[in-house]
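Taking it in order: structure first as structure tokens, then the write-up.
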Amino acid sequence: LILGPTSETLPHNVHTTHVQTAQEMFTACKQALPADIAICAAAVADWTVTGAKQKIKKEKGKVPTLTLKENPDILKWLSSETKQRPSLVIGFAAETEKLEANAKAKLKRKGCDWLLANDVSGGKVFGKDKNQILFLPKGEKWHGGKAEIATKLVAQIAKEFSSQTKKKKQKESA
């Protein structure tokens, strides 16, 4: 489990790696390979502020200009990693408009296997237990508490790996 700052209770007997920045998370994800499954549920910032070479002084009436640089796209990298790509790469999308269209575009752009998307506009999700998920590529809509949705995801993963195992055994016996 690779995680940024959190106040959540962590599971016992699970190896955890704590990170502070997107770059640290990217490095930790690289070091965690090989893995069977990657579930990228973190809302890693797309951008980070580049550091100033010296202190930025206050000047009356002037607002400093900040320069941004793009953070590594961890989900896309894991999905495209050819040597050690996990068998199943799962991403999440927090959308505020055009949920289905934006989620389908993200699934294609990132190259992950599955994407769980939800509408986070208007404070519908953060800090609340109930959620509505669009599960792609199947297009299924899941409703319920966050623990219930997590249970559905685990069941889908088990079903996927069971199917892969059956296919592998059939191929070996042929």
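By convention in this document, the chains of the structure tokens carry letters A, B, ... by their order, each chain's residues are numbered from 1, and ligands are numbered from 1 in the order they are shown.
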Worksheet entry | Surrounding residues of stretch 102-118 of chain A excluding itself and chain neighbours under 5 positions, 8 Å, only C-alpha atoms, as a ChimeraX atom specification | /A:75-76,79-80,88-95,97,131-137
Take the selection from the previous step and output its residues with all heavy atoms, as a compact mmCIF listing (two decimals), in the first residue's frame.
```txt
# COMPACT_ATOMS: atom_id res chain seq x y z
N LEU A 75 -0.71 6.49 -13.33
CA LEU A 75 -1.66 5.53 -13.91
C LEU A 75 -1.28 5.21 -15.35
O LEU A 75 -1.25 4.04 -15.74
CB LEU A 75 -3.09 6.07 -13.83
CG LEU A 75 -4.18 5.22 -14.45
CD1 LEU A 75 -4.25 3.84 -13.81
CD2 LEU A 75 -5.53 5.94 -14.33
N LYS A 76 -0.99 6.21 -16.13
CA LYS A 76 -0.61 5.99 -17.53
C LYS A 76 0.69 5.20 -17.62
O LYS A 76 0.83 4.30 -18.44
CB LYS A 76 -0.49 7.32 -18.26
CG LYS A 76 -0.28 7.16 -19.75
CD LYS A 76 -0.35 8.50 -20.45
CE LYS A 76 -0.24 8.30 -21.95
NZ LYS A 76 -0.43 9.57 -22.67
N SER A 79 0.11 1.58 -16.78
CA SER A 79 -0.66 0.94 -17.85
C SER A 79 0.19 0.65 -19.07
O SER A 79 -0.09 -0.28 -19.83
CB SER A 79 -1.84 1.83 -18.26
OG SER A 79 -2.73 1.98 -17.18
N SER A 80 1.23 1.44 -19.27
CA SER A 80 2.05 1.27 -20.48
C SER A 80 3.37 0.58 -20.22
O SER A 80 4.11 0.28 -21.16
CB SER A 80 2.29 2.64 -21.13
OG SER A 80 3.04 3.46 -20.26
N LEU A 88 -3.62 -6.40 -14.10
CA LEU A 88 -4.84 -5.60 -14.04
C LEU A 88 -4.49 -4.23 -13.47
O LEU A 88 -3.95 -4.13 -12.37
CB LEU A 88 -5.87 -6.30 -13.14
CG LEU A 88 -7.25 -5.68 -13.02
CD1 LEU A 88 -7.94 -5.58 -14.38
CD2 LEU A 88 -8.11 -6.50 -12.06
N VAL A 89 -4.78 -3.19 -14.24
CA VAL A 89 -4.52 -1.81 -13.81
C VAL A 89 -5.87 -1.10 -13.73
O VAL A 89 -6.61 -1.04 -14.70
CB VAL A 89 -3.58 -1.06 -14.76
CG1 VAL A 89 -3.35 0.37 -14.28
CG2 VAL A 89 -2.24 -1.79 -14.90
N ILE A 90 -6.17 -0.59 -12.53
CA ILE A 90 -7.46 0.04 -12.26
C ILE A 90 -7.24 1.49 -11.86
O ILE A 90 -6.42 1.78 -10.98
CB ILE A 90 -8.19 -0.71 -11.12
CG1 ILE A 90 -8.34 -2.19 -11.47
CG2 ILE A 90 -9.54 -0.06 -10.83
CD1 ILE A 90 -8.76 -3.06 -10.30
N GLY A 91 -7.97 2.38 -12.49
CA GLY A 91 -7.88 3.80 -12.16
C GLY A 91 -9.22 4.33 -11.67
O GLY A 91 -10.25 3.67 -11.78
N PHE A 92 -9.18 5.54 -11.15
CA PHE A 92 -10.37 6.23 -10.68
C PHE A 92 -10.43 7.59 -11.35
O PHE A 92 -9.40 8.17 -11.69
CB PHE A 92 -10.33 6.41 -9.16
CG PHE A 92 -10.65 5.15 -8.40
CD1 PHE A 92 -9.75 4.10 -8.35
CD2 PHE A 92 -11.86 5.01 -7.73
CE1 PHE A 92 -10.03 2.93 -7.66
CE2 PHE A 92 -12.15 3.85 -7.04
CZ PHE A 92 -11.25 2.82 -7.01
N ALA A 93 -11.64 8.10 -11.53
CA ALA A 93 -11.83 9.42 -12.11
C ALA A 93 -12.86 10.18 -11.29
O ALA A 93 -13.99 9.74 -11.16
CB ALA A 93 -12.29 9.30 -13.56
N ALA A 94 -12.44 11.30 -10.75
CA ALA A 94 -13.35 12.20 -10.05
C ALA A 94 -13.71 13.29 -11.05
O ALA A 94 -12.86 14.09 -11.44
CB ALA A 94 -12.68 12.79 -8.82
N GLU A 95 -14.96 13.30 -11.48
CA GLU A 95 -15.39 14.25 -12.52
C GLU A 95 -16.40 15.24 -11.96
O GLU A 95 -17.13 14.92 -11.02
CB GLU A 95 -16.02 13.48 -13.70
CG GLU A 95 -15.09 12.50 -14.38
CD GLU A 95 -13.94 13.15 -15.13
OE1 GLU A 95 -13.99 14.38 -15.39
OE2 GLU A 95 -12.97 12.45 -15.47
N GLU A 97 -18.20 17.17 -14.45
CA GLU A 97 -19.12 17.37 -15.57
C GLU A 97 -18.92 16.25 -16.59
O GLU A 97 -17.87 15.62 -16.63
CB GLU A 97 -18.90 18.73 -16.24
CG GLU A 97 -17.50 18.87 -16.84
CD GLU A 97 -17.26 20.21 -17.52
OE1 GLU A 97 -18.21 21.00 -17.67
OE2 GLU A 97 -16.12 20.47 -17.90
N ASN A 131 -22.10 6.68 -2.43
CA ASN A 131 -21.42 7.00 -3.67
C ASN A 131 -22.16 6.34 -4.83
O ASN A 131 -22.88 5.37 -4.65
CB ASN A 131 -19.97 6.49 -3.62
CG ASN A 131 -19.05 7.23 -4.55
OD1 ASN A 131 -19.49 7.99 -5.40
ND2 ASN A 131 -17.76 7.03 -4.39
N GLN A 132 -21.94 6.89 -6.00
CA GLN A 132 -22.42 6.31 -7.25
C GLN A 132 -21.23 6.22 -8.18
O GLN A 132 -20.55 7.22 -8.41
CB GLN A 132 -23.51 7.18 -7.88
CG GLN A 132 -24.77 7.24 -7.06
CD GLN A 132 -25.86 8.04 -7.75
OE1 GLN A 132 -25.73 8.46 -8.88
NE2 GLN A 132 -26.94 8.26 -7.03
N ILE A 133 -21.00 5.05 -8.71
CA ILE A 133 -19.82 4.78 -9.53
C ILE A 133 -20.26 4.33 -10.92
O ILE A 133 -21.19 3.53 -11.06
CB ILE A 133 -18.96 3.66 -8.89
CG1 ILE A 133 -18.34 4.12 -7.57
CG2 ILE A 133 -17.89 3.15 -9.83
CD1 ILE A 133 -17.26 5.16 -7.69
N LEU A 134 -19.54 4.79 -11.92
CA LEU A 134 -19.67 4.25 -13.27
C LEU A 134 -18.45 3.36 -13.46
O LEU A 134 -17.32 3.83 -13.39
CB LEU A 134 -19.69 5.38 -14.31
CG LEU A 134 -19.68 4.93 -15.77
CD1 LEU A 134 -20.95 4.12 -16.09
CD2 LEU A 134 -19.57 6.14 -16.69
N PHE A 135 -18.70 2.07 -13.65
CA PHE A 135 -17.62 1.08 -13.78
C PHE A 135 -17.39 0.82 -15.27
O PHE A 135 -18.26 0.28 -15.96
CB PHE A 135 -18.01 -0.21 -13.04
CG PHE A 135 -16.99 -1.31 -13.15
CD1 PHE A 135 -15.74 -1.18 -12.56
CD2 PHE A 135 -17.28 -2.48 -13.84
CE1 PHE A 135 -14.81 -2.21 -12.66
CE2 PHE A 135 -16.36 -3.51 -13.93
CZ PHE A 135 -15.12 -3.36 -13.34
N LEU A 136 -16.24 1.24 -15.74
CA LEU A 136 -15.89 1.06 -17.16
C LEU A 136 -14.79 0.02 -17.30
O LEU A 136 -13.96 -0.11 -16.42
CB LEU A 136 -15.41 2.39 -17.75
CG LEU A 136 -16.44 3.51 -17.79
CD1 LEU A 136 -15.80 4.80 -18.28
CD2 LEU A 136 -17.62 3.14 -18.67
N PRO A 137 -14.77 -0.74 -18.37
CA PRO A 137 -15.49 -0.52 -19.62
C PRO A 137 -16.89 -1.11 -19.67
O PRO A 137 -17.60 -0.95 -20.66
CB PRO A 137 -14.59 -1.20 -20.66
CG PRO A 137 -13.96 -2.32 -19.94
CD PRO A 137 -13.75 -1.82 -18.52
```
Discussion item. Give me the residues near stretch 148-158 of chain A as a PyMOL selection string, where near means some atom within 9 Å (using only C-alpha atoms) and where sequence neighbours in that chain fewer than 2 positions away do not count.
Written reply: chain A and resi 37+88+131-133+142-146+160-163
Residues just named, written with C-alpha atoms as a tab-separated table (two decimals), in the first residue's frame:
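Output below, filename again.tsv:
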```tsv
chain	number	residue	atom	x	y	z
A	37	ILE	CA	-2.79	-5.61	-9.66
A	88	LEU	CA	-4.84	-5.60	-14.04
A	131	ASN	CA	-21.42	7.00	-3.67
A	132	GLN	CA	-22.42	6.31	-7.25
A	133	ILE	CA	-19.82	4.78	-9.53
A	142	TRP	CA	-22.87	0.90	-8.82
A	143	HIS	CA	-24.67	2.60	-5.92
A	144	GLY	CA	-24.14	2.28	-2.20
A	145	GLY	CA	-21.80	2.92	0.66
A	146	LYS	CA	-18.10	3.17	-0.07
A	160	GLU	CA	-11.30	-11.52	-13.46
A	161	PHE	CA	-8.45	-13.54	-11.98
A	162	SER	CA	-10.60	-16.66	-11.79
A	163	SER	CA	-11.40	-16.24	-15.48
```
Item to complete: DSSP on the backbone, then: every residue of stretch 37-140 of chain A marked alpha helix (DSSP H), written as a list in words.
Response: Ile74, Leu75, Lys76, Trp77, Leu78, Ser79, Ser80, Leu99, Glu100, Ala101, Asn102, Ala103, Lys104, Ala105, Lys106, Leu107, Lys108, Arg109 and Lys110 of chain A
Discussion item. I'd like to know which of A:Lys130, A:Leu10, A:Ser173, A:Pro34 is closest to A:Thr82, using only C-alpha atoms.
Written reply: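 Closest residue, counting only C-alpha atoms: A:Pro34.
Checking A:Val120, A:Leu1, A:Ala147, A:Ala52 one by one against A:Ile39, counting only C-alpha atoms, you find the shortest gap at A:Leu1.
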Worksheet item: What residues in stretch 68-111 of chain A get the DSSP label strand (DSSP E or B)? Please answer as an MDAnalysis selection string.
Response: chainID A and resid 68:70 88:95
Write out the residues from the selection above, keeping N, CA, C and O atoms, as a PDB file, in the first residue's frame.
```pdb
ATOM      1  N   LEU A  68       4.535  26.265 -13.088  1.00  0.00           N
ATOM      2  CA  LEU A  68       4.125  24.901 -12.797  1.00  0.00           C
ATOM      3  C   LEU A  68       4.846  23.915 -13.697  1.00  0.00           C
ATOM      4  O   LEU A  68       5.218  24.248 -14.824  1.00  0.00           O
ATOM      5  N   LYS A  69       5.025  22.719 -13.196  1.00  0.00           N
ATOM      6  CA  LYS A  69       5.512  21.630 -14.034  1.00  0.00           C
ATOM      7  C   LYS A  69       4.588  20.443 -13.831  1.00  0.00           C
ATOM      8  O   LYS A  69       3.988  20.277 -12.767  1.00  0.00           O
ATOM      9  N   GLU A  70       4.479  19.626 -14.857  1.00  0.00           N
ATOM     10  CA  GLU A  70       3.577  18.479 -14.807  1.00  0.00           C
ATOM     11  C   GLU A  70       4.163  17.379 -13.943  1.00  0.00           C
ATOM     12  O   GLU A  70       5.341  17.045 -14.053  1.00  0.00           O
ATOM     13  N   LEU A  88      -3.625  -6.400 -14.100  1.00  0.00           N
ATOM     14  CA  LEU A  88      -4.839  -5.599 -14.036  1.00  0.00           C
ATOM     15  C   LEU A  88      -4.486  -4.225 -13.469  1.00  0.00           C
ATOM     16  O   LEU A  88      -3.954  -4.128 -12.367  1.00  0.00           O
ATOM     17  N   VAL A  89      -4.779  -3.190 -14.244  1.00  0.00           N
ATOM     18  CA  VAL A  89      -4.525  -1.808 -13.809  1.00  0.00           C
ATOM     19  C   VAL A  89      -5.873  -1.099 -13.726  1.00  0.00           C
ATOM     20  O   VAL A  89      -6.611  -1.040 -14.703  1.00  0.00           O
ATOM     21  N   ILE A  90      -6.167  -0.586 -12.535  1.00  0.00           N
ATOM     22  CA  ILE A  90      -7.456   0.039 -12.257  1.00  0.00           C
ATOM     23  C   ILE A  90      -7.235   1.492 -11.856  1.00  0.00           C
ATOM     24  O   ILE A  90      -6.420   1.778 -10.975  1.00  0.00           O
ATOM     25  N   GLY A  91      -7.974   2.381 -12.490  1.00  0.00           N
ATOM     26  CA  GLY A  91      -7.884   3.799 -12.164  1.00  0.00           C
ATOM     27  C   GLY A  91      -9.216   4.333 -11.670  1.00  0.00           C
ATOM     28  O   GLY A  91     -10.253   3.671 -11.779  1.00  0.00           O
ATOM     29  N   PHE A  92      -9.180   5.536 -11.150  1.00  0.00           N
ATOM     30  CA  PHE A  92     -10.372   6.230 -10.679  1.00  0.00           C
ATOM     31  C   PHE A  92     -10.434   7.593 -11.347  1.00  0.00           C
ATOM     32  O   PHE A  92      -9.401   8.169 -11.688  1.00  0.00           O
ATOM     33  N   ALA A  93     -11.637   8.097 -11.527  1.00  0.00           N
ATOM     34  CA  ALA A  93     -11.825   9.422 -12.114  1.00  0.00           C
ATOM     35  C   ALA A  93     -12.856  10.182 -11.292  1.00  0.00           C
ATOM     36  O   ALA A  93     -13.990   9.738 -11.165  1.00  0.00           O
ATOM     37  N   ALA A  94     -12.442  11.297 -10.751  1.00  0.00           N
ATOM     38  CA  ALA A  94     -13.354  12.200 -10.051  1.00  0.00           C
ATOM     39  C   ALA A  94     -13.713  13.293 -11.046  1.00  0.00           C
ATOM     40  O   ALA A  94     -12.864  14.086 -11.437  1.00  0.00           O
ATOM     41  N   GLU A  95     -14.955  13.305 -11.476  1.00  0.00           N
ATOM     42  CA  GLU A  95     -15.394  14.245 -12.517  1.00  0.00           C
ATOM     43  C   GLU A  95     -16.404  15.238 -11.961  1.00  0.00           C
ATOM     44  O   GLU A  95     -17.130  14.925 -11.023  1.00  0.00           O
TER      45      GLU A  95
END
```
Item to complete: For atom CA of A:Asp73 and atom CA of A:Asp46, determine how far apart the two atoms are, in Å to one decimal place.
Response: 7.6 Å
Discussion item. Nearest residue to A:Ser121 out of A:Glu140, A:Val44, A:Thr96, A:Thr6, using only C-alpha atoms?
Written reply: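 Under the stated criterion, the closest residue is A:Thr96.
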Using only C-alpha atoms, find each residue of stretch 55-92 of chain A with at least one atom at most 9 Å away from an atom of stretch 14-26 of chain A; report its shortest atom-to-atom pair and that distance in Å (one decimal), sort the rows by chain and rising residue number, and return the result as a Markdown table.
```
| residue | atom | partner | partner_atom | distance |
| --- | --- | --- | --- | --- |
| A:Asn71 | CA | A:Ala22 | CA | 6.4 |
| A:Pro72 | CA | A:Gln23 | CA | 6.7 |
| A:Asp73 | CA | A:Phe26 | CA | 8.1 |
| A:Ile74 | CA | A:Phe26 | CA | 5.8 |
```
Item to complete: Just give me the gap between atom CA of A:Ala42 and atom CA of A:Ile2 in Å, one decimal is fine.
Response: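 That distance, rounded to one decimal, is 9.2 Å.
Proximity ranking of A:Gln54, A:Gln84, A:Thr65, A:Thr165 relative to A:Cys29 places A:Gln84 first, based on only C-alpha atoms.
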Item to complete: Would you mind reading off the distance between atom CA of A:Pro5 and atom CA of A:Pro86, one decimal, in Å?
Response: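 A separation of 24.9 Å between them.
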